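Shown here: model_1.cif, mmCIF, C-alpha atoms.
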```
data_target
loop_
_atom_site.group_PDB
_atom_site.id
_atom_site.type_symbol
_atom_site.label_atom_id
_atom_site.label_comp_id
_atom_site.auth_asym_id
_atom_site.auth_seq_id
_atom_site.Cartn_x
_atom_site.Cartn_y
_atom_site.Cartn_z
ATOM 1 C CA MET A 33 -35.431 2.654 3.851
ATOM 2 C CA ALA A 34 -38.417 0.336 3.433
ATOM 3 C CA GLU A 35 -36.028 -2.592 3.060
ATOM 4 C CA ALA A 36 -34.248 -1.653 6.293
ATOM 5 C CA VAL A 37 -37.562 -1.840 8.150
ATOM 6 C CA ALA A 38 -38.998 -4.800 6.211
ATOM 7 C CA PHE A 39 -36.226 -7.303 6.973
ATOM 8 C CA PRO A 40 -36.381 -7.053 10.775
ATOM 9 C CA VAL A 41 -40.179 -7.121 10.679
ATOM 10 C CA LEU A 42 -40.205 -10.164 8.395
ATOM 11 C CA SER A 43 -37.636 -11.891 10.597
ATOM 12 C CA GLU A 44 -39.810 -11.346 13.647
ATOM 13 C CA VAL A 45 -42.936 -12.550 11.814
ATOM 14 C CA LEU A 46 -41.102 -15.697 10.695
ATOM 15 C CA ARG A 47 -39.796 -16.302 14.233
ATOM 16 C CA GLN A 48 -43.247 -15.984 15.789
ATOM 17 C CA ALA A 49 -44.850 -18.158 13.110
ATOM 18 C CA SER A 50 -42.127 -20.777 13.597
ATOM 19 C CA GLU A 51 -42.784 -20.820 17.350
ATOM 20 C CA ARG A 52 -46.503 -21.423 16.753
ATOM 21 C CA ILE A 53 -45.693 -24.154 14.235
ATOM 22 C CA ALA A 54 -43.185 -25.737 16.652
ATOM 23 C CA LYS A 55 -45.923 -25.898 19.321
ATOM 24 C CA LYS A 56 -48.153 -27.585 16.774
ATOM 25 C CA VAL A 57 -45.413 -30.150 16.054
ATOM 26 C CA MET A 58 -44.976 -30.782 19.803
ATOM 27 C CA GLU A 59 -48.683 -31.494 20.051
ATOM 28 C CA GLY A 60 -48.225 -34.101 17.304
ATOM 29 C CA LYS A 61 -50.387 -32.327 14.762
ATOM 30 C CA LYS A 62 -49.747 -32.610 11.049
ATOM 31 C CA LEU A 63 -48.201 -29.583 9.280
ATOM 32 C CA THR A 64 -49.552 -28.001 6.143
ATOM 33 C CA ASP A 65 -47.325 -27.303 3.150
ATOM 34 C CA THR A 66 -47.424 -23.607 3.997
ATOM 35 C CA GLU A 67 -46.244 -24.277 7.546
ATOM 36 C CA VAL A 68 -43.363 -26.398 6.276
ATOM 37 C CA ILE A 69 -42.402 -23.592 3.901
ATOM 38 C CA ILE A 70 -42.562 -21.079 6.775
ATOM 39 C CA LEU A 71 -40.246 -23.300 8.838
ATOM 40 C CA LEU A 72 -37.846 -23.560 5.889
ATOM 41 C CA LEU A 73 -37.960 -19.801 5.368
ATOM 42 C CA ASP A 74 -37.235 -19.236 9.063
ATOM 43 C CA GLN A 75 -34.264 -21.619 8.925
ATOM 44 C CA MET A 76 -32.974 -19.941 5.764
ATOM 45 C CA ASN A 77 -33.406 -16.530 7.386
ATOM 46 C CA ARG A 78 -31.456 -17.645 10.465
ATOM 47 C CA ALA A 79 -28.724 -19.127 8.266
ATOM 48 C CA LEU A 80 -28.527 -15.879 6.289
ATOM 49 C CA ASN A 81 -28.309 -13.859 9.510
ATOM 50 C CA GLN A 82 -25.496 -16.073 10.799
ATOM 51 C CA MET A 83 -23.709 -15.826 7.455
ATOM 52 C CA SER A 84 -24.131 -12.055 7.491
ATOM 53 C CA LYS A 85 -22.591 -11.898 10.974
ATOM 54 C CA ARG A 86 -19.656 -14.071 9.848
ATOM 55 C CA ILE A 87 -19.170 -11.860 6.791
ATOM 56 C CA ASP A 88 -19.176 -8.775 9.039
ATOM 57 C CA ILE A 89 -16.546 -10.389 11.299
ATOM 58 C CA ILE A 90 -14.409 -11.356 8.300
ATOM 59 C CA ASN A 91 -14.833 -7.882 6.817
ATOM 60 C CA GLU A 92 -13.723 -6.283 10.080
ATOM 61 C CA SER A 93 -10.753 -8.646 10.304
ATOM 62 C CA LEU A 94 -9.774 -7.903 6.713
ATOM 63 C CA SER A 95 -10.076 -4.177 7.332
ATOM 64 C CA GLU A 96 -7.732 -4.483 10.305
ATOM 65 C CA ARG A 97 -5.269 -6.560 8.303
ATOM 66 C CA ILE A 98 -5.401 -4.111 5.401
ATOM 67 C CA GLU A 99 -4.743 -1.237 7.810
ATOM 68 C CA ASP A 100 -1.805 -3.159 9.318
ATOM 69 C CA VAL A 101 -0.384 -3.782 5.842
ATOM 70 C CA LYS A 102 -0.885 -0.109 4.980
ATOM 71 C CA VAL A 103 0.987 0.988 8.117
ATOM 72 C CA THR A 104 3.788 -1.489 7.409
ATOM 73 C CA LEU A 105 3.967 -0.423 3.772
ATOM 74 C CA ASP A 106 3.996 3.275 4.694
ATOM 75 C CA LYS A 107 6.841 2.632 7.135
ATOM 76 C CA ARG A 108 8.746 0.662 4.502
ATOM 77 C CA VAL A 109 8.256 3.435 1.926
ATOM 78 C CA ASP A 110 9.470 6.017 4.455
ATOM 79 C CA ASP A 111 12.517 3.866 5.261
ATOM 80 C CA VAL A 112 13.341 3.410 1.571
ATOM 81 C CA ARG A 113 12.819 7.125 0.924
ATOM 82 C CA SER A 114 15.153 7.975 3.799
ATOM 83 C CA GLU A 115 17.778 5.478 2.621
ATOM 84 C CA LEU A 116 17.553 6.788 -0.946
ATOM 85 C CA GLY A 117 17.897 10.347 0.338
ATOM 86 C CA LYS A 118 21.080 9.364 2.178
ATOM 87 C CA ARG A 119 22.435 7.601 -0.889
ATOM 88 C CA ILE A 120 21.649 10.594 -3.091
ATOM 89 C CA ASP A 121 23.348 12.916 -0.602
ATOM 90 C CA ASP A 122 26.396 10.612 -0.538
ATOM 91 C CA ALA A 123 26.474 10.470 -4.341
ATOM 92 C CA ASN A 124 26.190 14.262 -4.529
ATOM 93 C CA ALA A 125 29.030 14.639 -2.028
ATOM 94 C CA ARG A 126 31.231 12.248 -4.040
ATOM 95 C CA ALA A 127 30.371 14.063 -7.272
ATOM 96 C CA GLU A 128 31.169 17.426 -5.667
ATOM 97 C CA SER A 129 34.468 16.082 -4.358
ATOM 98 C CA ALA A 130 35.345 14.641 -7.771
ATOM 99 C CA TYR A 131 34.416 17.973 -9.378
ATOM 100 C CA ARG A 132 36.724 19.888 -7.018
ATOM 101 C CA ASP A 133 39.542 17.382 -7.633
ATOM 102 C CA LEU A 134 39.111 17.601 -11.408
ATOM 103 C CA LYS A 135 38.922 21.384 -11.260
ATOM 104 C CA GLY A 136 42.219 21.448 -9.356
ATOM 105 C CA ASP A 137 43.781 18.997 -11.824
ATOM 106 C CA ILE A 138 42.629 21.142 -14.758
ATOM 107 C CA ARG A 139 44.168 24.258 -13.155
ATOM 108 C CA MET A 140 47.450 22.429 -12.677
ATOM 109 C CA LEU A 141 47.352 21.176 -16.273
ATOM 110 C CA TYR A 142 46.595 24.693 -17.494
ATOM 111 C CA GLN A 143 49.583 26.024 -15.536
ATOM 112 C CA GLU A 144 51.819 23.258 -16.895
ATOM 113 C CA VAL A 145 50.635 23.898 -20.459
ATOM 114 C CA SER A 146 51.242 27.627 -19.962
ATOM 115 C CA SER A 147 54.693 26.868 -18.605
ATOM 116 C CA ILE A 148 55.472 24.555 -21.540
ATOM 117 C CA LYS A 149 54.111 27.193 -23.908
ATOM 118 C CA SER A 150 56.435 29.789 -22.372
ATOM 119 C CA VAL A 151 59.397 27.424 -22.707
ATOM 120 C CA VAL A 152 58.524 26.688 -26.351
ATOM 121 C CA ILE A 153 58.202 30.419 -27.098
ATOM 122 C CA ASP A 154 61.549 31.081 -25.440
ATOM 123 C CA LEU A 155 63.162 28.240 -27.442
ATOM 124 C CA LEU A 156 61.675 29.571 -30.677
ATOM 125 C CA LYS A 157 62.913 33.077 -29.899
ATOM 126 C CA GLU A 158 66.332 31.663 -29.160
ATOM 127 C CA ARG A 159 66.452 29.762 -32.451
ATOM 128 C CA LEU A 160 65.178 32.725 -34.397
ATOM 129 C CA GLY A 161 67.754 34.910 -32.728
ATOM 130 C CA LYS A 162 70.573 32.536 -33.755
ATOM 131 C CA SER A 163 69.566 32.388 -37.327
#
```

What is this file in structure tokens?
Amino acid sequence: MAEAVAFPVLSEVLRQASERIAKKVMEGKKLTDTEVIILLLDQMNRALNQMSKRIDIINESLSERIEDVKVTLDKRVDDVRSELGKRIDDANARAESAYRDLKGDIRMLYQEVSSIKSVVIDLLKERLGKS
């Protein structure tokens, strides 16, 4: 919390000191080393403030872009999920159809085998009866 208060206060102190020093320069007076350092600190502070604002703008822009990508990605995932669901349903329908077809074929084969079995039994009875 102290830092949150200290930075604006220091910025204002530097700004006011820089204004006084600028007046001194306009009057043609020579600056002390401390005054030069204060001017440099004020310039650095302004540069940092500008950089902070640019970073905030970039951060906001990136957040918007990330949100846009998230929305696009969510939509793409939903589309793929829907398409996969349709494909799975189609595959299940084909498998069910193939199962019914095979079940019918097996019944027919069972009937044919039973019929052949009956014919073989009848032939065997006939041969045994002749002997």

Of the candidates A:Gly136, A:Gly161, A:Pro40, A:Gly60, which one gets nearest to Arg78 of chain A if we count only C-alpha atoms? A:Pro40

Kindly compute an axis-aligned box around the listed atoms of segment 136-148 of chain A, allowing 6 Å on each side, and express its centre and edge lengths in Å to one decimal as lines of an AutoDock Vina configuration file.
```
center_x = 48.8
center_y = 23.3
center_z = -15.4
size_x = 25.3
size_y = 20.6
size_z = 24.2
```

Between atom CA of Val45 of chain A and atom CA of Lys62 of chain A, measure the distance and give it in Å to one decimal. 21.2 Å

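In this comparison, which uses all atoms listed in the file, the residue of A:Ser50, A:Arg126, A:Ser43, A:Ile148 approaching Leu63 of chain A most closely is A:Ser50.
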
Between atom CA of Asp100 of chain A and atom CA of Gln82 of chain A lies a distance of 27.0 Å

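Computed from the coordinates, the atom CA of Thr66 of chain A to atom CA of Val41 of chain A distance equals 19.2 Å.
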
Complete segment 90-123 of chain A with N, CA and C atoms (output as an mmCIF file, in the coordinates of the input).
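Result file out.cif:
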```cif
data_model
loop_
_atom_site.group_PDB
_atom_site.id
_atom_site.type_symbol
_atom_site.label_atom_id
_atom_site.label_comp_id
_atom_site.auth_asym_id
_atom_site.auth_seq_id
_atom_site.Cartn_x
_atom_site.Cartn_y
_atom_site.Cartn_z
ATOM 1 N N ILE A 90 -15.508 -11.211 9.268
ATOM 2 C CA ILE A 90 -14.409 -11.356 8.300
ATOM 3 C C ILE A 90 -14.055 -10.002 7.703
ATOM 4 N N ASN A 91 -15.070 -9.211 7.383
ATOM 5 C CA ASN A 91 -14.833 -7.882 6.817
ATOM 6 C C ASN A 91 -14.050 -7.010 7.795
ATOM 7 N N GLU A 92 -14.432 -7.066 9.064
ATOM 8 C CA GLU A 92 -13.723 -6.283 10.080
ATOM 9 C C GLU A 92 -12.276 -6.759 10.212
ATOM 10 N N SER A 93 -12.105 -8.081 10.210
ATOM 11 C CA SER A 93 -10.753 -8.646 10.304
ATOM 12 C C SER A 93 -9.905 -8.231 9.103
ATOM 13 N N LEU A 94 -10.502 -8.308 7.922
ATOM 14 C CA LEU A 94 -9.774 -7.903 6.713
ATOM 15 C C LEU A 94 -9.428 -6.421 6.749
ATOM 16 N N SER A 95 -10.351 -5.614 7.233
ATOM 17 C CA SER A 95 -10.076 -4.177 7.332
ATOM 18 C C SER A 95 -8.897 -3.916 8.258
ATOM 19 N N GLU A 96 -8.857 -4.636 9.382
ATOM 20 C CA GLU A 96 -7.732 -4.483 10.305
ATOM 21 C C GLU A 96 -6.429 -4.928 9.653
ATOM 22 N N ARG A 97 -6.478 -6.056 8.955
ATOM 23 C CA ARG A 97 -5.269 -6.560 8.303
ATOM 24 C C ARG A 97 -4.807 -5.611 7.204
ATOM 25 N N ILE A 98 -5.756 -5.066 6.456
ATOM 26 C CA ILE A 98 -5.401 -4.111 5.401
ATOM 27 C C ILE A 98 -4.759 -2.875 6.024
ATOM 28 N N GLU A 99 -5.310 -2.406 7.133
ATOM 29 C CA GLU A 99 -4.743 -1.237 7.810
ATOM 30 C C GLU A 99 -3.332 -1.548 8.312
ATOM 31 N N ASP A 100 -3.142 -2.758 8.860
ATOM 32 C CA ASP A 100 -1.805 -3.159 9.318
ATOM 33 C C ASP A 100 -0.813 -3.184 8.158
ATOM 34 N N VAL A 101 -1.255 -3.736 7.024
ATOM 35 C CA VAL A 101 -0.384 -3.782 5.842
ATOM 36 C C VAL A 101 -0.081 -2.367 5.368
ATOM 37 N N LYS A 102 -1.089 -1.500 5.403
ATOM 38 C CA LYS A 102 -0.885 -0.109 4.980
ATOM 39 C C LYS A 102 0.148 0.575 5.869
ATOM 40 N N VAL A 103 0.033 0.377 7.184
ATOM 41 C CA VAL A 103 0.987 0.988 8.117
ATOM 42 C C VAL A 103 2.389 0.450 7.852
ATOM 43 N N THR A 104 2.489 -0.870 7.682
ATOM 44 C CA THR A 104 3.788 -1.489 7.409
ATOM 45 C C THR A 104 4.363 -0.976 6.092
ATOM 46 N N LEU A 105 3.514 -0.894 5.082
ATOM 47 C CA LEU A 105 3.967 -0.423 3.772
ATOM 48 C C LEU A 105 4.397 1.041 3.838
ATOM 49 N N ASP A 106 3.619 1.865 4.540
ATOM 50 C CA ASP A 106 3.996 3.275 4.694
ATOM 51 C C ASP A 106 5.351 3.406 5.386
ATOM 52 N N LYS A 107 5.565 2.596 6.429
ATOM 53 C CA LYS A 107 6.841 2.632 7.135
ATOM 54 C C LYS A 107 7.965 2.196 6.201
ATOM 55 N N ARG A 108 7.719 1.156 5.435
ATOM 56 C CA ARG A 108 8.746 0.662 4.502
ATOM 57 C C ARG A 108 9.066 1.727 3.449
ATOM 58 N N VAL A 109 8.042 2.375 2.920
ATOM 59 C CA VAL A 109 8.256 3.435 1.926
ATOM 60 C C VAL A 109 9.061 4.575 2.544
ATOM 61 N N ASP A 110 8.718 4.953 3.781
ATOM 62 C CA ASP A 110 9.470 6.017 4.455
ATOM 63 C C ASP A 110 10.924 5.615 4.670
ATOM 64 N N ASP A 111 11.148 4.352 5.066
ATOM 65 C CA ASP A 111 12.517 3.866 5.261
ATOM 66 C C ASP A 111 13.304 3.891 3.955
ATOM 67 N N VAL A 112 12.669 3.424 2.876
ATOM 68 C CA VAL A 112 13.341 3.410 1.571
ATOM 69 C C VAL A 112 13.613 4.834 1.108
ATOM 70 N N ARG A 113 12.641 5.718 1.311
ATOM 71 C CA ARG A 113 12.819 7.125 0.924
ATOM 72 C C ARG A 113 13.992 7.738 1.689
ATOM 73 N N SER A 114 14.064 7.457 2.975
ATOM 74 C CA SER A 114 15.153 7.975 3.799
ATOM 75 C C SER A 114 16.492 7.419 3.330
ATOM 76 N N GLU A 115 16.536 6.112 3.085
ATOM 77 C CA GLU A 115 17.778 5.478 2.621
ATOM 78 C C GLU A 115 18.192 6.039 1.258
ATOM 79 N N LEU A 116 17.229 6.211 0.363
ATOM 80 C CA LEU A 116 17.553 6.788 -0.946
ATOM 81 C C LEU A 116 18.047 8.221 -0.805
ATOM 82 N N GLY A 117 17.438 8.977 0.095
ATOM 83 C CA GLY A 117 17.897 10.347 0.338
ATOM 84 C C GLY A 117 19.344 10.368 0.796
ATOM 85 N N LYS A 118 19.694 9.446 1.711
ATOM 86 C CA LYS A 118 21.080 9.364 2.178
ATOM 87 C C LYS A 118 22.015 8.991 1.034
ATOM 88 N N ARG A 119 21.586 8.023 0.232
ATOM 89 C CA ARG A 119 22.435 7.601 -0.889
ATOM 90 C C ARG A 119 22.618 8.734 -1.898
ATOM 91 N N ILE A 120 21.554 9.467 -2.156
ATOM 92 C CA ILE A 120 21.649 10.594 -3.091
ATOM 93 C C ILE A 120 22.583 11.654 -2.526
ATOM 94 N N ASP A 121 22.450 11.938 -1.233
ATOM 95 C CA ASP A 121 23.348 12.916 -0.602
ATOM 96 C C ASP A 121 24.798 12.453 -0.686
ATOM 97 N N ASP A 122 25.033 11.154 -0.435
ATOM 98 C CA ASP A 122 26.396 10.612 -0.538
ATOM 99 C C ASP A 122 26.919 10.722 -1.969
ATOM 100 N N ALA A 123 26.062 10.386 -2.936
ATOM 101 C CA ALA A 123 26.474 10.470 -4.341
ATOM 102 C C ALA A 123 26.771 11.919 -4.720
#
```
